[in-house]
Every structure is written in structure tokens, then in C-alpha cells.
$ cat query-v1.csv   # CSV, C-alpha atoms
chain,number,residue,atom,x,y,z
B,134,ARG,CA,-3.5,-14.5,1.7
B,135,ALA,CA,-6.1,-16.3,-0.3
B,136,GLN,CA,-4.2,-18.0,-3.1
B,137,ALA,CA,-5.4,-19.9,-6.2
B,138,GLY,CA,-3.6,-23.0,-5.0
B,139,GLY,CA,-5.6,-23.1,-1.7
B,140,GLU,CA,-2.7,-21.8,0.5
B,141,GLY,CA,-3.1,-19.2,3.2
B,142,GLY,CA,-6.0,-21.1,4.9
B,143,ALA,CA,-8.6,-20.5,2.2
B,144,THR,CA,-10.4,-23.2,0.3
B,145,GLN,CA,-9.9,-23.8,-3.4
B,146,GLU,CA,-13.3,-22.4,-4.3
B,147,GLU,CA,-12.9,-19.2,-2.1
B,148,ALA,CA,-9.4,-18.6,-3.4
B,149,SER,CA,-10.3,-19.1,-7.0
B,150,GLU,CA,-13.2,-16.7,-6.8
B,151,LYS,CA,-11.2,-14.0,-5.2
B,152,VAL,CA,-8.2,-14.3,-7.5
B,153,ALA,CA,-10.3,-14.8,-10.7
B,154,SER,CA,-11.9,-11.5,-10.1
B,155,MET,CA,-8.6,-9.9,-10.9
B,156,TYR,CA,-8.1,-11.8,-14.1
B,157,PRO,CA,-8.1,-10.0,-17.5
B,158,ALA,CA,-11.5,-10.1,-19.2
B,159,ALA,CA,-10.2,-12.6,-21.8
B,160,PHE,CA,-10.1,-15.3,-19.1
B,161,ALA,CA,-13.8,-14.8,-18.3
B,162,SER,CA,-13.0,-15.2,-14.5
B,163,LYS,CA,-12.0,-18.8,-15.1
B,164,ARG,CA,-8.7,-20.3,-13.9
B,165,PRO,CA,-6.6,-21.8,-16.8
B,166,CYS,CA,-6.5,-25.6,-17.0
B,167,GLU,CA,-3.8,-27.5,-15.1
B,168,GLY,CA,-1.9,-28.4,-18.3
B,169,ALA,CA,-1.6,-24.8,-19.5
B,170,ARG,CA,-0.5,-23.7,-16.0
B,171,GLY,CA,2.1,-26.4,-15.9
B,172,LEU,CA,3.5,-25.5,-19.3
B,173,VAL,CA,3.9,-21.8,-18.4
B,174,LYS,CA,5.5,-22.6,-15.1
B,175,ALA,CA,8.0,-24.9,-16.9
B,176,HIS,CA,9.2,-22.0,-19.1
B,177,LEU,CA,8.7,-19.2,-16.6
B,178,ASP,CA,12.4,-18.6,-16.0
B,179,GLY,CA,13.0,-18.1,-19.7
B,180,MET,CA,10.0,-15.8,-20.3
B,181,LEU,CA,9.9,-13.5,-17.3
B,182,PRO,CA,13.2,-11.6,-17.8
B,183,SER,CA,12.4,-10.4,-21.3
B,184,LEU,CA,8.9,-9.3,-20.2
B,185,LEU,CA,10.3,-7.3,-17.3
B,186,GLN,CA,12.8,-5.7,-19.7
B,187,GLU,CA,9.9,-4.6,-22.0
B,188,LEU,CA,8.3,-2.7,-19.1
B,189,SER,CA,11.2,-0.3,-19.3
B,190,ASP,CA,11.4,0.0,-23.1
B,191,TRP,CA,11.4,3.5,-24.5
B,192,THR,CA,8.2,3.0,-26.6
B,193,PRO,CA,4.8,2.9,-24.9
B,194,THR,CA,3.6,0.3,-27.4
B,195,THR,CA,6.3,-2.2,-26.3
B,196,ARG,CA,5.8,-1.3,-22.6
B,197,GLY,CA,2.0,-1.8,-23.0
B,198,ARG,CA,2.5,-5.2,-24.7
B,199,GLY,CA,4.9,-6.3,-22.1
B,200,ALA,CA,2.5,-5.4,-19.3
B,201,ALA,CA,-0.4,-7.1,-20.9
B,202,THR,CA,1.6,-10.3,-21.5
B,203,LEU,CA,3.0,-10.2,-18.0
B,204,LEU,CA,-0.5,-10.0,-16.6
B,205,ALA,CA,-1.5,-13.2,-18.6
B,206,LEU,CA,1.7,-14.8,-17.5
B,207,ILE,CA,0.9,-14.2,-13.8
B,208,VAL,CA,-2.5,-15.8,-14.3
B,209,TYR,CA,-0.9,-19.0,-15.5
B,210,ALA,CA,2.2,-19.0,-13.3
B,211,GLU,CA,0.3,-18.3,-10.0
B,212,GLN,CA,2.5,-19.1,-6.9
B,213,ALA,CA,5.5,-19.9,-9.2
B,214,ILE,CA,6.2,-16.2,-9.5
B,215,ALA,CA,7.0,-16.0,-5.8
B,216,PRO,CA,10.7,-16.9,-6.2
B,217,HIS,CA,11.0,-14.0,-8.6
B,218,ALA,CA,9.5,-11.4,-6.2
B,219,GLU,CA,12.7,-9.3,-6.0
B,220,ALA,CA,12.8,-8.8,-9.8
B,221,LEU,CA,9.0,-8.4,-10.1
B,222,VAL,CA,8.6,-5.8,-7.4
B,223,GLY,CA,11.6,-3.9,-8.6
B,224,ALA,CA,10.1,-3.7,-12.2
B,225,PHE,CA,6.7,-2.7,-10.8
B,226,ALA,CA,8.3,0.2,-8.8
B,227,LYS,CA,9.9,1.5,-12.0
B,228,ALA,CA,6.8,1.1,-14.2
B,229,TYR,CA,3.9,1.9,-11.8
B,230,MET,CA,4.0,5.6,-12.6
B,231,ASP,CA,4.4,5.2,-16.3
B,232,ASP,CA,3.6,8.4,-18.3
B,233,ASP,CA,1.3,6.4,-20.6
B,234,GLU,CA,-2.1,5.9,-18.9
B,235,HIS,CA,-2.8,2.6,-20.6
B,236,VAL,CA,0.6,1.2,-19.5
B,237,ALA,CA,0.2,2.4,-16.0
B,238,SER,CA,-3.2,0.8,-15.8
B,239,ARG,CA,-2.0,-2.6,-16.9
B,240,VAL,CA,1.0,-2.4,-14.6
B,241,ALA,CA,-1.4,-1.7,-11.7
B,242,GLU,CA,-3.4,-4.8,-12.6
B,243,CYS,CA,-0.1,-6.8,-12.6
B,244,VAL,CA,0.8,-5.6,-9.2
B,245,CYS,CA,-2.6,-6.4,-7.7
B,246,LEU,CA,-2.7,-9.9,-9.2
B,247,ALA,CA,0.9,-10.6,-8.2
B,248,GLY,CA,-0.1,-9.7,-4.6
B,249,ALA,CA,-2.5,-12.7,-4.7
B,250,PHE,CA,0.4,-15.1,-5.2
B,251,VAL,CA,3.5,-13.5,-3.5
B,252,PRO,CA,3.4,-13.9,0.3
B,253,ALA,CA,3.1,-10.6,2.1
B,254,GLN,CA,6.2,-11.2,4.2
B,255,VAL,CA,8.2,-11.6,0.9
B,256,PHE,CA,7.2,-8.4,-0.8
B,257,VAL,CA,7.2,-6.3,2.4
B,258,GLY,CA,10.8,-7.4,3.0
B,259,VAL,CA,11.8,-6.6,-0.6
B,260,ILE,CA,10.3,-3.1,-0.4
B,261,ALA,CA,11.8,-2.4,3.0
B,262,SER,CA,15.2,-3.2,1.8
B,263,HIS,CA,14.9,-0.7,-1.0
B,264,VAL,CA,13.3,2.3,0.7
B,265,ASN,CA,15.7,2.5,3.7
B,266,GLY,CA,18.8,4.7,3.3
B,267,GLY,CA,19.5,8.3,2.5
B,268,ALA,CA,20.5,7.7,-1.1
B,269,VAL,CA,17.0,6.7,-2.3
B,270,ALA,CA,15.4,9.4,-4.5
B,271,ALA,CA,12.0,10.8,-3.5
B,272,ALA,CA,10.4,9.6,-6.7
B,273,SER,CA,11.7,6.1,-6.1
B,274,ARG,CA,10.3,6.1,-2.5
B,275,ARG,CA,6.9,7.3,-3.9
B,276,ASN,CA,6.9,4.5,-6.4
B,277,TRP,CA,7.8,1.8,-3.8
B,278,MET,CA,5.0,3.0,-1.5
B,279,ALA,CA,2.5,3.0,-4.4
B,280,VAL,CA,3.4,-0.7,-5.1
B,281,LEU,CA,3.4,-1.6,-1.4
B,282,ALA,CA,-0.2,-0.2,-1.1
B,283,ALA,CA,-1.4,-2.1,-4.1
B,284,LEU,CA,0.1,-5.3,-2.8
B,285,LEU,CA,-1.3,-4.8,0.7
B,286,GLU,CA,-4.8,-4.1,-0.5
B,287,GLY,CA,-5.2,-7.8,-1.5
B,288,ALA,CA,-3.8,-9.2,1.7
B,289,THR,CA,-5.8,-11.2,4.3
B,290,GLU,CA,-5.8,-10.3,8.0
B,291,GLN,CA,-3.9,-13.5,8.8
B,292,ASP,CA,-1.2,-12.7,6.2
B,293,ILE,CA,-0.7,-9.1,7.2
B,294,ALA,CA,-1.1,-9.2,10.9
B,295,PRO,CA,2.5,-10.1,11.8
B,296,LEU,CA,3.8,-7.5,9.3
B,297,LEU,CA,1.8,-4.5,10.6
B,298,PRO,CA,4.6,-3.2,12.9
B,299,LYS,CA,7.1,-3.4,10.1
B,300,VAL,CA,4.8,-1.6,7.7
B,301,CYS,CA,4.1,1.1,10.2
B,302,GLU,CA,7.8,1.5,10.8
B,303,MET,CA,8.3,2.0,7.1
B,304,VAL,CA,5.6,4.6,7.0
B,305,GLY,CA,7.2,6.4,9.9
B,306,GLU,CA,10.5,6.5,8.1
B,307,MET,CA,8.8,7.8,4.9
B,308,GLU,CA,7.1,10.6,6.9
B,309,LEU,CA,10.5,11.9,7.7
B,310,CYS,CA,12.0,11.8,4.3
B,311,MET,CA,9.3,12.1,1.7
B,312,PRO,CA,8.4,15.6,0.4
B,313,GLU,CA,5.2,17.1,1.9
B,314,GLU,CA,3.5,17.1,-1.5
B,315,GLU,CA,0.2,15.5,-2.3
B,316,GLU,CA,1.6,13.3,-5.1
B,317,HIS,CA,3.9,11.7,-2.6
B,318,GLN,CA,1.8,11.7,0.6
B,319,VAL,CA,-1.2,10.2,-1.1
B,320,HIS,CA,0.6,6.9,-1.3
B,321,LEU,CA,1.4,6.9,2.4
B,322,LEU,CA,-2.4,7.3,2.9
B,323,ARG,CA,-3.0,4.3,0.6
B,324,VAL,CA,-0.6,2.2,2.6
B,325,LEU,CA,-2.3,3.2,5.9
B,326,ARG,CA,-5.7,2.5,4.6
B,327,ALA,CA,-4.6,-0.9,3.2
B,328,CYS,CA,-3.3,-1.8,6.7
B,329,VAL,CA,-6.7,-1.0,8.1
B,330,SER,CA,-8.8,-2.7,5.4
B,331,SER,CA,-6.7,-5.8,5.3
B,332,GLY,CA,-5.5,-5.9,9.0
B,333,GLY,CA,-8.9,-5.6,10.7
B,334,LYS,CA,-8.8,-6.2,14.4
B,335,SER,CA,-5.1,-7.0,14.2
B,336,CYS,CA,-4.6,-3.3,13.9
B,337,TRP,CA,-4.9,-3.2,17.7
B,338,GLY,CA,-1.2,-3.8,18.0
B,339,VAL,CA,-0.3,-0.7,16.0
B,340,SER,CA,-3.5,1.4,16.6
B,341,GLY,CA,-1.5,4.3,18.1
B,342,GLN,CA,0.9,4.4,15.2
B,343,LEU,CA,-1.9,4.3,12.6
B,344,PHE,CA,-3.9,7.0,14.4
B,345,ALA,CA,-0.9,9.3,14.7
B,346,SER,CA,0.0,8.8,11.0
B,347,PHE,CA,-3.6,9.5,9.9
B,348,LEU,CA,-3.7,12.6,12.0
B,349,ARG,CA,-0.5,13.9,10.6
B,350,LEU,CA,-1.9,13.5,7.1
B,351,GLU,CA,-5.2,15.1,8.1
B,352,SER,CA,-3.3,18.1,9.3
B,353,MET,CA,-2.0,18.7,5.8
B,354,HIS,CA,-5.1,20.8,5.0
B,355,TYR,CA,-2.9,23.6,6.3
B,356,LEU,CA,-0.7,23.0,3.2
B,357,GLY,CA,-3.8,23.1,0.9
B,358,MET,CA,-4.1,19.3,0.6
B,359,ASN,CA,-7.8,19.2,1.4
B,360,ALA,CA,-8.6,16.0,-0.4
B,361,LEU,CA,-5.7,14.2,1.3
B,362,SER,CA,-6.8,15.6,4.6
B,363,ALA,CA,-10.4,14.4,4.1
B,364,GLY,CA,-9.1,10.9,3.1
B,365,ALA,CA,-7.0,10.7,6.3
B,366,ALA,CA,-10.0,11.8,8.4
B,367,ASP,CA,-12.0,9.0,6.8
B,368,GLY,CA,-9.1,6.6,7.6
B,369,ILE,CA,-9.5,7.4,11.3
B,370,GLN,CA,-13.2,6.5,11.0
B,371,ARG,CA,-12.3,3.3,9.2
B,372,LEU,CA,-9.7,2.4,11.9
B,373,ALA,CA,-12.4,2.8,14.6
B,374,VAL,CA,-14.7,0.4,12.6
B,375,ALA,CA,-11.9,-2.1,12.1
B,376,LEU,CA,-11.1,-2.1,15.8
B,377,GLU,CA,-14.9,-2.6,16.5
B,378,LEU,CA,-15.0,0.3,18.9
B,379,GLU,CA,-18.5,0.8,20.2
B,380,GLY,CA,-17.9,4.5,20.6
B,381,GLY,CA,-16.5,4.8,17.1
B,382,ALA,CA,-14.0,7.5,16.3
B,383,LYS,CA,-14.8,9.4,19.5
B,384,GLU,CA,-13.5,6.4,21.5
B,385,LEU,CA,-10.5,6.1,19.3
B,386,PHE,CA,-9.6,9.7,20.0
B,387,GLU,CA,-10.1,9.1,23.8
B,388,ARG,CA,-7.7,6.1,23.6
B,389,GLU,CA,-5.0,7.4,21.4
B,390,ALA,CA,-5.0,11.2,21.6
B,391,GLY,CA,-2.8,11.3,24.7
B,392,GLY,CA,0.3,9.9,22.9
B,393,VAL,CA,-0.1,12.3,20.0
B,394,LEU,CA,-0.7,15.2,22.3
B,395,ALA,CA,2.4,14.5,24.4
B,396,GLY,CA,4.5,14.3,21.3
B,397,ALA,CA,3.2,17.5,19.9
B,398,MET,CA,3.5,19.4,23.2
B,399,GLY,CA,7.0,18.3,23.6
B,400,THR,CA,8.2,20.8,21.0
B,401,ARG,CA,5.8,23.7,21.9
B,402,SER,CA,8.7,26.0,22.9
B,403,GLU,CA,9.8,25.8,19.3
B,404,TRP,CA,6.4,26.3,17.6
B,405,ARG,CA,6.0,28.8,14.8
B,406,ARG,CA,2.9,29.3,12.7
B,407,ASP,CA,4.1,26.7,10.2
B,408,SER,CA,5.3,24.2,12.7
B,409,LYS,CA,4.1,20.6,11.9
B,410,ASP,CA,3.6,19.8,15.6
B,411,LEU,CA,1.4,22.9,16.0
B,412,GLN,CA,-0.7,21.8,13.0
B,413,VAL,CA,-1.1,18.3,14.3
B,414,PHE,CA,-2.0,19.7,17.7
B,415,ASP,CA,-4.7,22.0,16.2
B,416,THR,CA,-6.1,19.2,14.1
B,417,LEU,CA,-6.2,16.9,17.1
B,418,LEU,CA,-8.3,19.5,19.0
B,419,ARG,CA,-10.6,20.3,16.1
B,420,SER,CA,-11.2,16.7,15.1
B,421,GLY,CA,-11.3,15.2,18.6
B,422,GLY,CA,-13.2,17.9,20.4
B,423,GLY,CA,-14.5,16.8,23.8
B,424,ALA,CA,-12.7,13.4,23.4
B,425,VAL,CA,-9.4,15.2,23.7
B,426,VAL,CA,-10.3,18.1,26.0
B,427,PRO,CA,-13.4,17.2,28.1
$ encode --input "query-v1.csv" --output "C-alpha cells"
Amino acid sequence: RAQAGGEGGATQEEASEKVASMYPAAFASKRPCEGARGLVKAHLDGMLPSLLQELSDWTPTTRGRGAATLLALIVYAEQAIAPHAEALVGAFAKAYMDDDEHVASRVAECVCLAGAFVPAQVFVGVIASHVNGGAVAAASRRNWMAVLAALLEGATEQDIAPLLPKVCEMVGEMELCMPEEEEHQVHLLRVLRACVSSGGKSCWGVSGQLFASFLRLESMHYLGMNALSAGAADGIQRLAVALELEGGAKELFEREAGGVLAGAMGTRSEWRRDSKDLQVFDTLLRSGGGAVVP
């Protein structure tokens, strides 16, 4: 991950340019001076808990003020927020879907900027520990996936590559337990697309899992989720580009359709008109065409 302190293999100039693009307008895309950063870091432990508490206040004015202040705090604190990842990500998951549009927007900015300073392995581990288990409410899982997507979107290929199997495993678990409703499934799509955009050629190691998950989401046009389906179809195209396949999506279907086809056909004796595997099978044939059935 390109970080403002030059970690993650990026130069100071490259890191500053990338991170500064996520700063609030008041900073004019300029990194605060060293003295100011040091002062905030020295008092971070005392300031952060109260700001996180404000994110859950009952009044939108207080929540909005807390989110705006937290955003500025992250600008100054930089990598010093990493030890507080558990508390930060937990607060983000609760506040990300705030009913107030202004608050939700500010929280989203906080999540993206925090993602520039918290190592991917840290926040992925934190989120994985919270979404696993049967006692987690569907709304909570949705929020955790939304936060995960936002954090992954800022990751570098080097940062995310070793974590792709774990993220795909999480997505697989969520496919089994999240409601088949667009407001939930759209965040799984965002996670998958973030894996592709940030993972690049490293997606080769999980290309079959990504392809199968995209195809499952594409099949949801049967449930009336046409926008979600179109986004998933686009995800398959983007995956082919990320893998640098000369034959594009057609070659991707040729490479990966067999595994999906075998899985779907394994339950064909139980198929009904609304069977998920039947819908995936039909989507595979319609989208893959000759690449699936020469």
C-alpha cells in the first residue's frame, strides 16, 4: 500500500500524491508539517476514543462533526492510527450506513483515507474475525462488507496479493448467509471488483473463485437485480483485462467455465425453476456462448 511515510515500496513523492488526493479540501492536497503531525500523534490515544463515540451519537449534527474531525485527525496521524485498527474498523462498520447522507459521506471518506495507512492484512483480519459465525446479523455483515470494499479499493497489488485467498473465502461465506437482496449483494460485488482493480495479475491465484462469484451475481437478473447483474458482467470483463488475457472474456470463460459448470450440474437432479444452480447454469451458457459449448 502506498503510504505517506514512504512504506509499502512507494517513494515519498508517489505516496504523498496518492494519499493527498483523499485529503479534505481544507488541506489543499498538502501534507501537514512534521510538527503538527507529531503533536497530533502524541495526543492520539486521548482524542480518538471520544471521536469514535461521537460517530454513534443520537444527533446527526454530532455524528457529522465527529466524522469531519476524525477525517482531519487521520490526515495528521497517518500510520499512527494502525494500532487502533480494531476500534476504527468497528466504528466504521456501525457508521458507514448512517441515515444522514452527509454523515455517511464523511464516514466513507474516513474509511478510504484510513485504508491508506492501515496495512491490508490488519483490516482484513479484523473484518474476518467479525463476519464469521452464525450470530452475526445480516445488516452487520452488509456493513462489514461495505467497509472492506472501501478499504480494499485503495490497496496496492503488492499489499493485497497474499490476502486474495482470504478475501475470496470471506466472500464465499457471505454468499451462503447474506440475503439475496440488492442492498446486501451490491457490497459483495464491490469487494470482488476491488480485488480485481487492486489485485491485478495477482488474481491468477483466485481467478476461478472470482469468476464463479461474479457469475453468481450476474445470474441475479432472474431476481430482478438487473443493475447488479450488469455490474457483475462488467466485473468478468475487468477480470479478463486484469489477467491480461489476449482472448479477453471469451478466453476467461474457456478457462474457468468448466469448474462452474461441474458445480452447477452436480445438483441438476434437484433443479426447479427457481434453483440457484439452474440460474447460474443458464447465465453461464448465455454469457459464455461458444466458449462454454463449442
$ closest_atom_pairs --input "query-v1.csv" --of "range 220-321 of chain B" --to "range 396-416 of chain B" --cutoff "12 Å" --atoms "all atoms listed in the file" --output "tab-separated table"
residue	atom	partner	partner_atom	distance
B:Glu308	CA	B:Lys409	CA	11.6
B:Leu309	CA	B:Lys409	CA	11.6
B:Glu313	CA	B:Lys409	CA	10.7
$ residues_around --input "query-v1.csv" --residues "range 277-282 of chain B" --least-positions-apart "3" --cutoff "7 Å" --atoms "only C-alpha atoms" --output "number ranges by chain"
B: 225-226, 244, 260, 273-274, 285-286, 320-321, 323-324, 327
$ closest_residue --input "query-v1.csv" --among "B:Ala424, B:Val393, B:Ala271, B:Val208" --to "Met307 in chain B" --atoms "only C-alpha atoms"
B:Ala271
$ residues_near_point --input "query-v1.csv" --point "(-5.1, -0.1, -12.4)" --cutoff "12 Å" --atoms "all atoms listed in the file" --output "PyMOL selection string"
chain B and resi 155+157+200-201+204+229-231+234-246+279-280+283
$ residues_around --input "query-v1.csv" --residues "Glu290 in chain B" --least-positions-apart "6" --cutoff "9 Å" --atoms "only C-alpha atoms" --output "VMD selection string"
chain B and resid 134 328 330 to 335
